[in-house]
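Listing of model.txt; format and content: compact mmCIF, C-alpha atoms.
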```txt
# COMPACT_ATOMS: atom_id res chain seq x y z
CA MET A 1319 23.09 -2.78 39.46
CA VAL A 1320 26.45 -2.02 37.91
CA LEU A 1321 29.84 -2.90 39.35
CA LEU A 1322 32.70 -0.73 38.17
CA ILE A 1323 36.25 -1.96 38.66
CA HIS A 1324 38.16 1.28 38.86
CA HIS A 1325 41.02 3.26 40.36
CA THR A 1326 40.98 6.87 41.49
CA THR A 1327 44.16 7.66 39.51
CA SER A 1328 42.55 6.44 36.26
CA PRO A 1329 40.99 9.37 34.36
CA PHE A 1330 38.89 6.90 32.36
CA SER A 1331 37.47 5.46 35.59
CA ARG A 1332 36.65 8.96 36.83
CA LYS A 1333 34.94 9.77 33.55
CA ILE A 1334 32.67 6.71 33.67
CA ARG A 1335 31.81 7.35 37.35
CA LEU A 1336 30.79 10.94 36.54
CA GLN A 1337 28.85 9.86 33.46
CA MET A 1338 26.94 7.19 35.44
CA SER A 1339 26.12 9.65 38.23
CA GLU A 1340 24.84 12.20 35.73
CA LYS A 1341 22.70 9.49 34.11
CA LYS A 1342 21.37 8.30 37.51
CA VAL A 1343 22.83 4.81 37.07
CA LEU A 1344 23.15 2.95 40.36
CA PHE A 1345 26.60 1.46 40.76
CA VAL A 1346 29.08 0.11 43.25
CA LEU A 1347 32.81 0.51 42.98
CA LYS A 1348 35.59 -2.01 43.38
CA GLU A 1349 39.10 -0.62 43.58
CA GLU A 1350 42.05 -2.21 41.82
CA GLU A 1351 45.50 -0.67 41.86
CA PRO A 1352 46.82 -0.37 38.28
CA TRP A 1353 50.31 -1.38 39.46
CA ASN A 1354 49.01 -4.46 41.24
CA LEU A 1355 46.05 -5.80 39.24
CA SER A 1356 44.37 -9.04 40.29
CA GLU A 1357 44.01 -12.12 38.12
CA GLU A 1358 40.29 -11.32 37.86
CA VAL A 1359 41.04 -8.11 35.97
CA TYR A 1360 43.40 -9.81 33.53
CA GLN A 1361 40.86 -12.55 32.91
CA LEU A 1362 38.20 -9.99 32.05
CA ASN A 1363 40.53 -7.70 30.15
CA PRO A 1364 43.97 -9.02 29.15
CA SER A 1365 45.22 -5.51 28.33
CA GLY A 1366 44.65 -4.57 32.00
CA SER A 1367 43.07 -1.21 31.25
CA LEU A 1368 40.59 0.30 33.71
CA PRO A 1369 37.70 0.72 34.23
CA ILE A 1370 35.74 -2.49 33.62
CA PHE A 1371 31.95 -2.23 33.61
CA LEU A 1372 30.04 -5.32 34.89
CA TYR A 1373 26.27 -5.79 34.78
CA ASP A 1374 23.85 -8.74 34.61
CA GLY A 1375 26.64 -11.29 34.20
CA ASN A 1376 28.06 -9.28 31.27
CA PHE A 1377 31.00 -6.91 31.09
CA ILE A 1378 32.44 -4.19 28.86
CA SER A 1379 35.98 -2.90 28.94
CA GLY A 1380 37.45 0.12 27.19
CA ASN A 1381 36.68 3.72 28.10
CA TYR A 1382 35.29 4.62 24.65
CA ALA A 1383 33.18 1.43 24.47
CA ILE A 1384 31.69 1.95 27.96
CA SER A 1385 30.93 5.65 27.55
CA GLU A 1386 29.24 5.17 24.16
CA TYR A 1387 27.33 2.18 25.57
CA LEU A 1388 25.97 4.39 28.34
CA GLU A 1389 24.89 6.95 25.73
CA ASP A 1390 23.23 4.23 23.63
CA PHE A 1391 21.52 2.61 26.60
CA ILE A 1392 20.23 5.56 28.63
CA LYS A 1393 18.69 7.98 26.19
CA GLU A 1394 16.60 9.95 28.71
CA ILE A 1395 19.62 11.92 29.93
CA ARG A 1396 21.91 12.62 26.98
CA LEU A 1397 25.45 13.81 27.46
CA LEU A 1398 26.33 14.20 23.79
CA PRO A 1399 24.70 16.98 21.69
CA ASP A 1400 21.75 16.03 19.46
CA ASP A 1401 23.17 17.80 16.41
CA ILE A 1402 25.62 15.43 14.70
CA LYS A 1403 28.23 18.07 13.87
CA GLN A 1404 28.19 19.36 17.47
CA ARG A 1405 28.38 15.75 18.61
CA ALA A 1406 31.51 15.29 16.46
CA ASP A 1407 33.04 18.43 17.97
CA ALA A 1408 32.32 17.15 21.50
CA ARG A 1409 33.85 13.77 20.64
CA ASN A 1410 36.90 15.53 19.23
CA ILE A 1411 37.47 17.27 22.58
CA ILE A 1412 36.90 13.97 24.42
CA GLU A 1413 39.43 12.22 22.16
CA TRP A 1414 41.94 15.02 22.63
CA PHE A 1415 41.86 14.61 26.42
CA ASP A 1416 41.91 10.81 26.27
CA THR A 1417 44.89 10.65 23.92
CA LYS A 1418 46.87 13.92 23.72
CA PHE A 1419 46.36 15.22 27.27
CA TYR A 1420 46.76 11.69 28.63
CA GLU A 1421 50.07 11.21 26.77
CA ASP A 1422 51.50 14.69 27.39
CA VAL A 1423 50.33 15.29 30.96
CA TYR A 1424 49.00 12.17 32.73
CA LYS A 1425 51.86 9.89 31.70
CA LYS A 1426 54.46 12.47 32.68
CA ILE A 1427 52.95 13.66 35.98
CA VAL A 1428 50.68 10.99 37.47
CA VAL A 1429 52.65 8.00 36.22
CA GLU A 1430 55.90 9.60 37.45
CA LYS A 1431 54.58 10.74 40.84
CA VAL A 1432 52.21 7.92 41.72
CA HIS A 1433 52.53 4.77 39.59
CA LYS A 1434 56.34 4.72 39.67
CA ARG A 1435 56.39 5.07 43.43
CA PHE A 1436 53.97 2.23 44.11
CA SER A 1437 55.02 -0.12 41.31
CA LYS A 1438 58.79 0.32 41.55
CA GLY A 1439 59.44 2.30 44.74
CA LEU A 1440 61.11 5.00 42.64
CA ALA A 1441 61.04 8.79 42.89
CA PRO A 1442 59.78 10.72 39.85
CA ASP A 1443 62.29 11.56 37.12
CA SER A 1444 62.54 15.34 37.48
CA LYS A 1445 63.22 15.84 33.75
CA ILE A 1446 60.06 13.99 32.70
CA LEU A 1447 58.06 15.76 35.41
CA LYS A 1448 59.24 19.14 34.15
CA ILE A 1449 58.18 18.30 30.61
CA GLY A 1450 54.78 17.18 31.96
CA LEU A 1451 54.29 20.44 33.89
CA ASN A 1452 55.26 22.50 30.84
CA ASN A 1453 52.81 20.51 28.71
CA LEU A 1454 50.12 21.04 31.34
CA ASN A 1455 50.56 24.81 31.29
CA TYR A 1456 50.56 24.85 27.53
CA HIS A 1457 47.36 22.76 27.40
CA MET A 1458 45.71 24.84 30.16
CA GLU A 1459 45.79 27.78 27.74
CA TYR A 1460 43.73 25.73 25.29
CA ILE A 1461 41.26 24.76 28.03
CA ASP A 1462 41.07 28.39 29.14
CA TRP A 1463 40.31 29.41 25.55
CA LEU A 1464 37.62 26.72 25.21
CA ALA A 1465 36.07 27.83 28.52
CA GLU A 1466 36.04 31.47 27.45
CA LYS A 1467 34.31 30.80 24.11
CA ASP A 1468 31.16 29.23 25.55
CA ASN A 1469 29.59 28.25 28.83
CA TYR A 1470 30.84 24.69 28.50
CA LEU A 1471 33.76 23.13 26.62
CA ALA A 1472 31.71 21.82 23.69
CA GLY A 1473 29.20 24.67 23.46
CA GLU A 1474 26.38 26.09 25.54
CA THR A 1475 25.38 22.83 27.25
CA PHE A 1476 27.08 20.54 29.70
CA SER A 1477 28.34 17.39 27.94
CA LEU A 1478 30.63 14.39 28.07
CA ALA A 1479 33.41 16.73 26.93
CA ASP A 1480 33.18 18.58 30.28
CA ILE A 1481 33.06 15.28 32.14
CA THR A 1482 36.12 13.95 30.33
CA ALA A 1483 38.11 17.15 30.80
CA ALA A 1484 37.22 17.41 34.49
CA ALA A 1485 38.04 13.72 35.03
CA HIS A 1486 41.55 14.27 33.65
CA LEU A 1487 42.13 17.60 35.40
CA SER A 1488 40.84 16.44 38.77
CA ILE A 1489 43.64 13.89 39.22
CA ILE A 1490 46.28 16.48 38.39
CA ASP A 1491 44.50 18.81 40.80
CA TYR A 1492 44.62 16.14 43.54
CA LEU A 1493 48.41 16.32 43.21
CA GLY A 1494 48.26 20.14 43.37
CA ASP A 1495 49.82 20.79 39.97
CA VAL A 1496 47.21 23.02 38.31
CA SER A 1497 47.99 26.77 38.58
CA TRP A 1498 44.35 27.82 38.53
CA GLU A 1499 45.17 31.46 39.26
CA ASN A 1500 46.70 31.78 35.77
CA TYR A 1501 43.65 30.45 33.96
CA ARG A 1502 40.63 32.43 35.03
CA ASN A 1503 38.10 31.05 32.55
CA ALA A 1504 39.22 27.47 33.07
CA LYS A 1505 38.89 28.05 36.83
CA ILE A 1506 35.32 29.37 36.56
CA TRP A 1507 34.41 26.43 34.32
CA TYR A 1508 36.04 23.85 36.64
CA SER A 1509 34.34 25.35 39.67
CA LYS A 1510 30.97 24.91 37.92
CA ILE A 1511 31.68 21.25 37.11
CA LYS A 1512 33.07 20.57 40.58
CA SER A 1513 29.87 21.88 42.16
CA ARG A 1514 27.67 19.34 40.38
CA PRO A 1515 26.26 16.59 42.64
CA SER A 1516 27.89 13.96 40.38
CA PHE A 1517 31.33 15.25 41.39
CA LYS A 1518 30.87 14.90 45.13
CA ASP A 1519 31.93 11.27 45.26
CA LEU A 1520 35.23 12.00 43.48
CA LEU A 1521 36.13 14.73 45.94
CA ASN A 1522 36.14 12.15 48.75
CA ASP A 1523 38.65 9.95 46.93
CA THR A 1524 42.07 9.36 48.37
CA ILE A 1525 45.23 7.83 46.97
CA ARG A 1526 46.83 5.60 49.57
CA GLY A 1527 49.84 7.39 51.08
CA ILE A 1528 49.35 10.66 49.15
CA LEU A 1529 47.32 13.50 50.65
CA PRO A 1530 45.18 15.59 48.27
CA SER A 1531 46.16 19.21 47.64
CA LYS A 1532 44.56 21.60 50.15
CA HIS A 1533 41.98 22.91 47.72
CA TYR A 1534 41.17 19.55 46.06
CA ALA A 1535 37.75 19.12 47.71
CA ASN A 1536 37.12 22.84 48.16
CA LEU A 1537 34.34 24.18 45.94
CA ASP A 1538 35.54 27.73 46.46
CA PHE A 1539 39.22 27.23 45.57
CA MET B 1399 32.31 16.07 -1.72
CA VAL B 1400 34.68 15.34 1.13
CA LEU B 1401 38.36 16.26 1.28
CA LEU B 1402 40.45 14.11 3.59
CA ILE B 1403 43.85 15.38 4.66
CA HIS B 1404 45.70 12.15 5.31
CA HIS B 1405 48.94 10.22 5.19
CA THR B 1406 49.45 6.62 4.17
CA THR B 1407 51.46 5.85 7.30
CA SER B 1408 48.60 7.03 9.55
CA PRO B 1409 46.40 4.08 10.60
CA PHE B 1410 43.63 6.54 11.49
CA SER B 1411 43.72 7.97 7.96
CA ARG B 1412 43.55 4.46 6.50
CA LYS B 1413 40.59 3.62 8.73
CA ILE B 1414 38.56 6.67 7.63
CA ARG B 1415 39.37 6.02 3.95
CA LEU B 1416 38.15 2.42 4.24
CA GLN B 1417 35.06 3.47 6.18
CA MET B 1418 34.17 6.13 3.59
CA SER B 1419 34.64 3.68 0.71
CA GLU B 1420 32.42 1.10 2.42
CA LYS B 1421 29.79 3.79 2.95
CA LYS B 1422 30.04 4.99 -0.68
CA VAL B 1423 31.12 8.48 0.34
CA LEU B 1424 32.82 10.36 -2.49
CA PHE B 1425 36.08 11.87 -1.38
CA VAL B 1426 39.37 13.25 -2.56
CA LEU B 1427 42.64 12.89 -0.71
CA LYS B 1428 45.29 15.43 0.11
CA GLU B 1429 48.55 14.08 1.45
CA GLU B 1430 50.45 15.70 4.31
CA GLU B 1431 53.59 14.19 5.76
CA PRO B 1432 53.25 13.88 9.56
CA TRP B 1433 56.90 14.92 9.99
CA ASN B 1434 56.45 18.00 7.82
CA LEU B 1435 52.91 19.31 8.35
CA SER B 1436 51.82 22.54 6.68
CA GLU B 1437 50.53 25.61 8.48
CA GLU B 1438 47.06 24.76 7.12
CA VAL B 1439 46.96 21.55 9.15
CA TYR B 1440 48.04 23.28 12.36
CA GLN B 1441 45.44 25.98 11.83
CA LEU B 1442 42.68 23.40 11.46
CA ASN B 1443 44.00 21.13 14.18
CA PRO B 1444 46.65 22.48 16.55
CA SER B 1445 47.47 18.98 17.85
CA GLY B 1446 48.55 18.05 14.30
CA SER B 1447 46.82 14.66 14.29
CA LEU B 1448 45.67 13.16 10.99
CA PRO B 1449 43.27 12.69 9.29
CA ILE B 1450 41.21 15.89 8.99
CA PHE B 1451 37.81 15.60 7.36
CA LEU B 1452 36.60 18.66 5.40
CA TYR B 1453 33.15 19.12 3.87
CA ASP B 1454 30.84 22.05 2.99
CA GLY B 1455 33.17 24.59 4.56
CA ASN B 1456 33.23 22.61 7.80
CA PHE B 1457 35.81 20.25 9.23
CA ILE B 1458 36.18 17.54 11.86
CA SER B 1459 39.42 16.28 13.31
CA GLY B 1460 40.02 13.27 15.53
CA ASN B 1461 39.75 9.67 14.38
CA TYR B 1462 37.02 8.74 16.90
CA ALA B 1463 35.02 11.90 16.15
CA ILE B 1464 35.18 11.39 12.37
CA SER B 1465 34.34 7.68 12.40
CA GLU B 1466 31.35 8.14 14.74
CA TYR B 1467 30.22 11.12 12.65
CA LEU B 1468 30.19 8.90 9.55
CA GLU B 1469 28.13 6.32 11.46
CA ASP B 1470 25.70 9.03 12.65
CA PHE B 1471 25.43 10.64 9.24
CA ILE B 1472 25.16 7.68 6.85
CA LYS B 1473 22.73 5.26 8.39
CA GLU B 1474 21.96 3.25 5.22
CA ILE B 1475 25.23 1.33 5.41
CA ARG B 1476 26.03 0.64 9.06
CA LEU B 1477 29.44 -0.53 10.16
CA LEU B 1478 28.66 -0.91 13.86
CA PRO B 1479 26.31 -3.71 15.04
CA ASP B 1480 22.68 -2.80 15.78
CA ASP B 1481 22.67 -4.56 19.16
CA ILE B 1482 24.11 -2.17 21.75
CA LYS B 1483 26.15 -4.80 23.62
CA GLN B 1484 27.66 -6.07 20.36
CA ARG B 1485 28.29 -2.46 19.40
CA ALA B 1486 30.19 -1.97 22.69
CA ASP B 1487 32.26 -5.09 21.98
CA ALA B 1488 33.11 -3.82 18.50
CA ARG B 1489 34.09 -0.42 19.92
CA ASN B 1490 36.25 -2.15 22.52
CA ILE B 1491 38.24 -3.88 19.74
CA ILE B 1492 38.48 -0.57 17.84
CA GLU B 1493 39.77 1.19 20.95
CA TRP B 1494 42.25 -1.61 21.62
CA PHE B 1495 43.82 -1.18 18.17
CA ASP B 1496 43.75 2.62 18.31
CA THR B 1497 45.43 2.81 21.71
CA LYS B 1498 47.17 -0.43 22.76
CA PHE B 1499 48.25 -1.74 19.32
CA TYR B 1500 49.16 1.81 18.27
CA GLU B 1501 51.34 2.31 21.37
CA ASP B 1502 52.93 -1.17 21.42
CA VAL B 1503 53.43 -1.75 17.70
CA TYR B 1504 52.96 1.35 15.54
CA LYS B 1505 55.08 3.67 17.67
CA LYS B 1506 57.87 1.11 17.91
CA ILE B 1507 57.93 -0.07 14.30
CA VAL B 1508 56.50 2.57 11.96
CA VAL B 1509 57.71 5.58 13.93
CA GLU B 1510 61.19 4.01 14.22
CA LYS B 1511 61.47 2.88 10.60
CA VAL B 1512 59.66 5.67 8.78
CA HIS B 1513 59.02 8.81 10.83
CA LYS B 1514 62.50 8.90 12.40
CA ARG B 1515 64.15 8.56 9.01
CA PHE B 1516 62.25 11.37 7.37
CA SER B 1517 61.96 13.71 10.34
CA LYS B 1518 65.48 13.33 11.73
CA GLY B 1519 67.46 11.37 9.14
CA LEU B 1520 68.09 8.68 11.75
CA ALA B 1521 68.17 4.88 11.51
CA PRO B 1522 65.74 2.94 13.72
CA ASP B 1523 66.84 2.12 17.27
CA SER B 1524 67.27 -1.67 17.06
CA LYS B 1525 66.27 -2.18 20.72
CA ILE B 1526 62.96 -0.34 20.31
CA LEU B 1527 62.33 -2.12 17.01
CA LYS B 1528 62.88 -5.51 18.64
CA ILE B 1529 60.38 -4.69 21.39
CA GLY B 1530 57.89 -3.60 18.72
CA LEU B 1531 58.31 -6.85 16.77
CA ASN B 1532 57.89 -8.92 19.94
CA ASN B 1533 54.75 -6.95 20.81
CA LEU B 1534 53.46 -7.50 17.28
CA ASN B 1535 53.87 -11.27 17.51
CA TYR B 1536 52.25 -11.33 20.91
CA HIS B 1537 49.29 -9.26 19.65
CA MET B 1538 49.01 -11.35 16.46
CA GLU B 1539 48.08 -14.31 18.68
CA TYR B 1540 45.14 -12.28 20.01
CA ILE B 1541 44.08 -11.32 16.46
CA ASP B 1542 44.43 -14.95 15.38
CA TRP B 1543 42.21 -15.98 18.31
CA LEU B 1544 39.59 -13.33 17.44
CA ALA B 1545 39.62 -14.45 13.79
CA GLU B 1546 39.19 -18.10 14.75
CA LYS B 1547 36.18 -17.45 17.02
CA ASP B 1548 33.93 -15.89 14.37
CA ASN B 1549 33.92 -14.92 10.73
CA TYR B 1550 34.88 -11.35 11.55
CA LEU B 1551 36.68 -9.75 14.50
CA ALA B 1552 33.57 -8.48 16.28
CA GLY B 1553 31.24 -11.37 15.40
CA GLU B 1554 29.58 -12.79 12.30
CA THR B 1555 29.39 -9.55 10.34
CA PHE B 1556 31.94 -7.22 8.86
CA SER B 1557 32.29 -4.06 10.97
CA LEU B 1558 34.39 -1.04 11.83
CA ALA B 1559 36.43 -3.38 14.07
CA ASP B 1560 37.69 -5.21 10.95
CA ILE B 1561 38.34 -1.90 9.20
CA THR B 1562 40.32 -0.56 12.15
CA ALA B 1563 42.35 -3.73 12.60
CA ALA B 1564 43.14 -3.99 8.88
CA ALA B 1565 44.06 -0.29 8.74
CA HIS B 1566 46.65 -0.82 11.50
CA LEU B 1567 47.96 -4.13 10.18
CA SER B 1568 48.23 -2.97 6.57
CA ILE B 1569 50.93 -0.39 7.35
CA ILE B 1570 52.98 -2.95 9.26
CA ASP B 1571 52.44 -5.30 6.32
CA TYR B 1572 53.70 -2.63 3.90
CA LEU B 1573 56.98 -2.77 5.81
CA GLY B 1574 56.95 -6.59 5.61
CA ASP B 1575 56.91 -7.24 9.36
CA VAL B 1576 53.85 -9.49 9.75
CA SER B 1577 54.71 -13.23 9.82
CA TRP B 1578 51.40 -14.32 8.31
CA GLU B 1579 52.51 -17.96 8.01
CA ASN B 1580 52.38 -18.28 11.82
CA TYR B 1581 48.83 -16.97 12.16
CA ARG B 1582 46.60 -18.99 9.87
CA ASN B 1583 43.23 -17.63 11.04
CA ALA B 1584 44.43 -14.05 11.03
CA LYS B 1585 45.75 -14.60 7.50
CA ILE B 1586 42.43 -15.96 6.22
CA TRP B 1587 40.62 -13.04 7.83
CA TYR B 1588 43.06 -10.43 6.44
CA SER B 1589 42.84 -11.94 2.98
CA LYS B 1590 39.04 -11.54 3.12
CA ILE B 1591 39.30 -7.87 4.13
CA LYS B 1592 42.05 -7.17 1.63
CA SER B 1593 39.84 -8.51 -1.20
CA ARG B 1594 37.08 -5.98 -0.54
CA PRO B 1595 36.73 -3.24 -3.18
CA SER B 1596 37.21 -0.61 -0.45
CA PHE B 1597 40.76 -1.87 0.12
CA LYS B 1598 41.97 -1.51 -3.45
CA ASP B 1599 42.94 2.13 -3.14
CA LEU B 1600 45.16 1.43 -0.09
CA LEU B 1601 47.05 -1.28 -1.92
CA ASN B 1602 48.24 1.29 -4.47
CA ASP B 1603 49.71 3.52 -1.76
CA THR B 1604 53.42 4.15 -1.58
CA ILE B 1605 55.64 5.69 1.03
CA ARG B 1606 58.19 7.96 -0.62
CA GLY B 1607 61.55 6.18 -0.69
CA ILE B 1608 60.34 2.90 0.84
CA LEU B 1609 59.17 0.05 -1.39
CA PRO B 1610 56.25 -2.05 -0.15
CA SER B 1611 56.87 -5.68 0.85
CA LYS B 1612 56.54 -8.06 -2.10
CA HIS B 1613 53.18 -9.43 -1.01
CA TYR B 1614 51.70 -6.07 0.12
CA ALA B 1615 49.32 -5.66 -2.81
CA ASN B 1616 49.00 -9.39 -3.50
CA LEU B 1617 45.54 -10.75 -2.67
CA ASP B 1618 46.88 -14.31 -2.63
CA PHE B 1619 49.81 -13.74 -0.24
```
Translate the structure described by the file into structure tokens.
Amino acid sequence: MVLLIHHTTSPFSRKIRLQMSEKKVLFVLKEEEPWNLSEEVYQLNPSGSLPIFLYDGNFISGNYAISEYLEDFIKEIRLLPDDIKQRADARNIIEWFDTKFYEDVYKKIVVEKVHKRFSKGLAPDSKILKIGLNNLNYHMEYIDWLAEKDNYLAGETFSLADITAAAHLSIIDYLGDVSWENYRNAKIWYSKIKSRPSFKDLLNDTIRGILPSKHYANLDF
Amino acid sequence: MVLLIHHTTSPFSRKIRLQMSEKKVLFVLKEEEPWNLSEEVYQLNPSGSLPIFLYDGNFISGNYAISEYLEDFIKEIRLLPDDIKQRADARNIIEWFDTKFYEDVYKKIVVEKVHKRFSKGLAPDSKILKIGLNNLNYHMEYIDWLAEKDNYLAGETFSLADITAAAHLSIIDYLGDVSWENYRNAKIWYSKIKSRPSFKDLLNDTIRGILPSKHYANLDF
């Protein structure tokens, strides 16, 4: 049995939860608020990043380390393409979301709206928020283009690239900031991912004190 | 033959160069200044991140995608441990340098001292620089601790974790900002990595208009 120390606002936590569900890994969750981490978390992982993956008295931290570990360990259900060039292309999309999208969108929307409020009691800086929303719209065009090209973001099969992208987008969607009506292909793709059984658990998530957008848990949004 | 579009100030470019040399991949380099990228780069990789790896009419961008591709493709010389838990631990160190060290140190020292000067003609912001140098010293204690524990950063064998760490540190060292005398174990470790044939090419690098620190290319520093 796996214990995952996570938080619903962490896209990396959402990614690992989805990946474990897809791979039929049994796990329990333990929530830790990123703005109020316990000593236990810092002892396991001094950098304080989430999630942390615990099993059999062992642990792994780091989103890239955990997700590749799951691919190495459970080979029956693969979430990266078999062909090594396609695998590189999928990893490139994953990396883009985990670094570029995270920097341009997550840090400017979720950190401003959620982290700042709970860690410092402050309202979001409207200038930073505006930049984040502009970046989001700009990046949604890329996602829309990826979704139009093929059935899934990294080709014709569902992969960790879809999981990573949906993990990142779902938090922004919780806050109601994705203008789905402007991105038809991205919307069709997201609706497909959202309908997977692995996603169900995420749609029940709540952020303390912040209600989800009306359509957050709606499969027909 | 591989063509790598790179820049000497990019730790991700340095990592892929070292990894290719260790794996005996033949490659040629093409330099692109991050503050003055050509249309060609943006066409290959709209996010503008370096390096870009070109081969046989194909290309891969993204540091994580390229380095895992090299591991997948050239299995004779492996730079990640065979044991999957040890592999996860090595990837965790790699991720820590590529995200945390990059954010805390690279962006506050190299971006301030080099990128800002060439992209905007500005001097570094002394407040940001001071934070970067404090972060560096704090993180050097962690590197010193890792280097004391085992022969190499991710255990008893040389791995991509050492390559990644040395790639990041070597740029800071070019600028003369690492106080090696305070971190004896880290210094012994870095001296070992620096003496590898794969490192030689990096020690001949120059940044236009900025001389390397006196000991940069010195193996006995």
Open item on the list: What's around Tyr1470 in chain A at 10 Å? Count all atoms listed in the file, leave out sequence neighbours fewer than 3 positions away in its own chain, and write the answer as a PyMOL selection string.
Closed with: chain A and resi 1464-1467+1473-1477+1479-1480+1504+1507-1508+1510-1511
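Closest approach to Ser1328 in chain A among A:Asp1443, A:Glu1357, A:Asp1416, A:Asp1400 is made by A:Asp1416 (distances from all atoms listed in the file).
Shell of range 1448-1458 of chain B at 6 Å, with only C-alpha atoms counted and residues fewer than 3 places along the chain excluded, is B:Val1400, B:Leu1401, B:Leu1402, B:Ile1403, B:His1404, B:Ser1411.
All polymer residues at most 7 Å from (41.5, 4.9, 29.1), using only C-alpha atoms, appear as Pro1329, Phe1330, Ser1367, Leu1368, Gly1380, Asn1381 and Asp1416 of chain A.
Here CA of Ser1524 in chain B stands at a distance of 8.8 Å from CA of Glu1510 in chain B.
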- [ ] Pull out every residue of chain B that has at least one atom within 9 Å of chain A, counting all atoms listed in the file, and report them as a PyMOL selection string.
- [x] chain B and resi 1445+1458-1464+1466-1467+1470-1471+1482-1483+1485-1494+1497-1498
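The shortest atom-to-atom distance to Leu1355 in chain A, with only C-alpha atoms taken into account, belongs to A:His1325 out of A:Lys1342, A:Lys1333, A:His1325, A:Lys1438.
With all atoms listed in the file as the atoms that count, the minimum distance from Met1399 in chain B to the choices B:Tyr1536, B:Trp1433, B:Phe1425, B:Trp1578 is reached by B:Phe1425.
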Task: Which of A:Glu1358, A:Asp1468, A:Asp1495, A:Asp1462 sits closest to Tyr1424 in chain A [using all atoms listed in the file] - done: A:Asp1495
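Atom pair CA of Glu1420 in chain B / CA of Ala1565 in chain B has a distance of 13.3 Å (rounded to one decimal).
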Task: Interatomic distance (Å, one decimal) between CA of Leu1617 in chain B and CA of Ser1593 in chain B - done: 6.3 Å
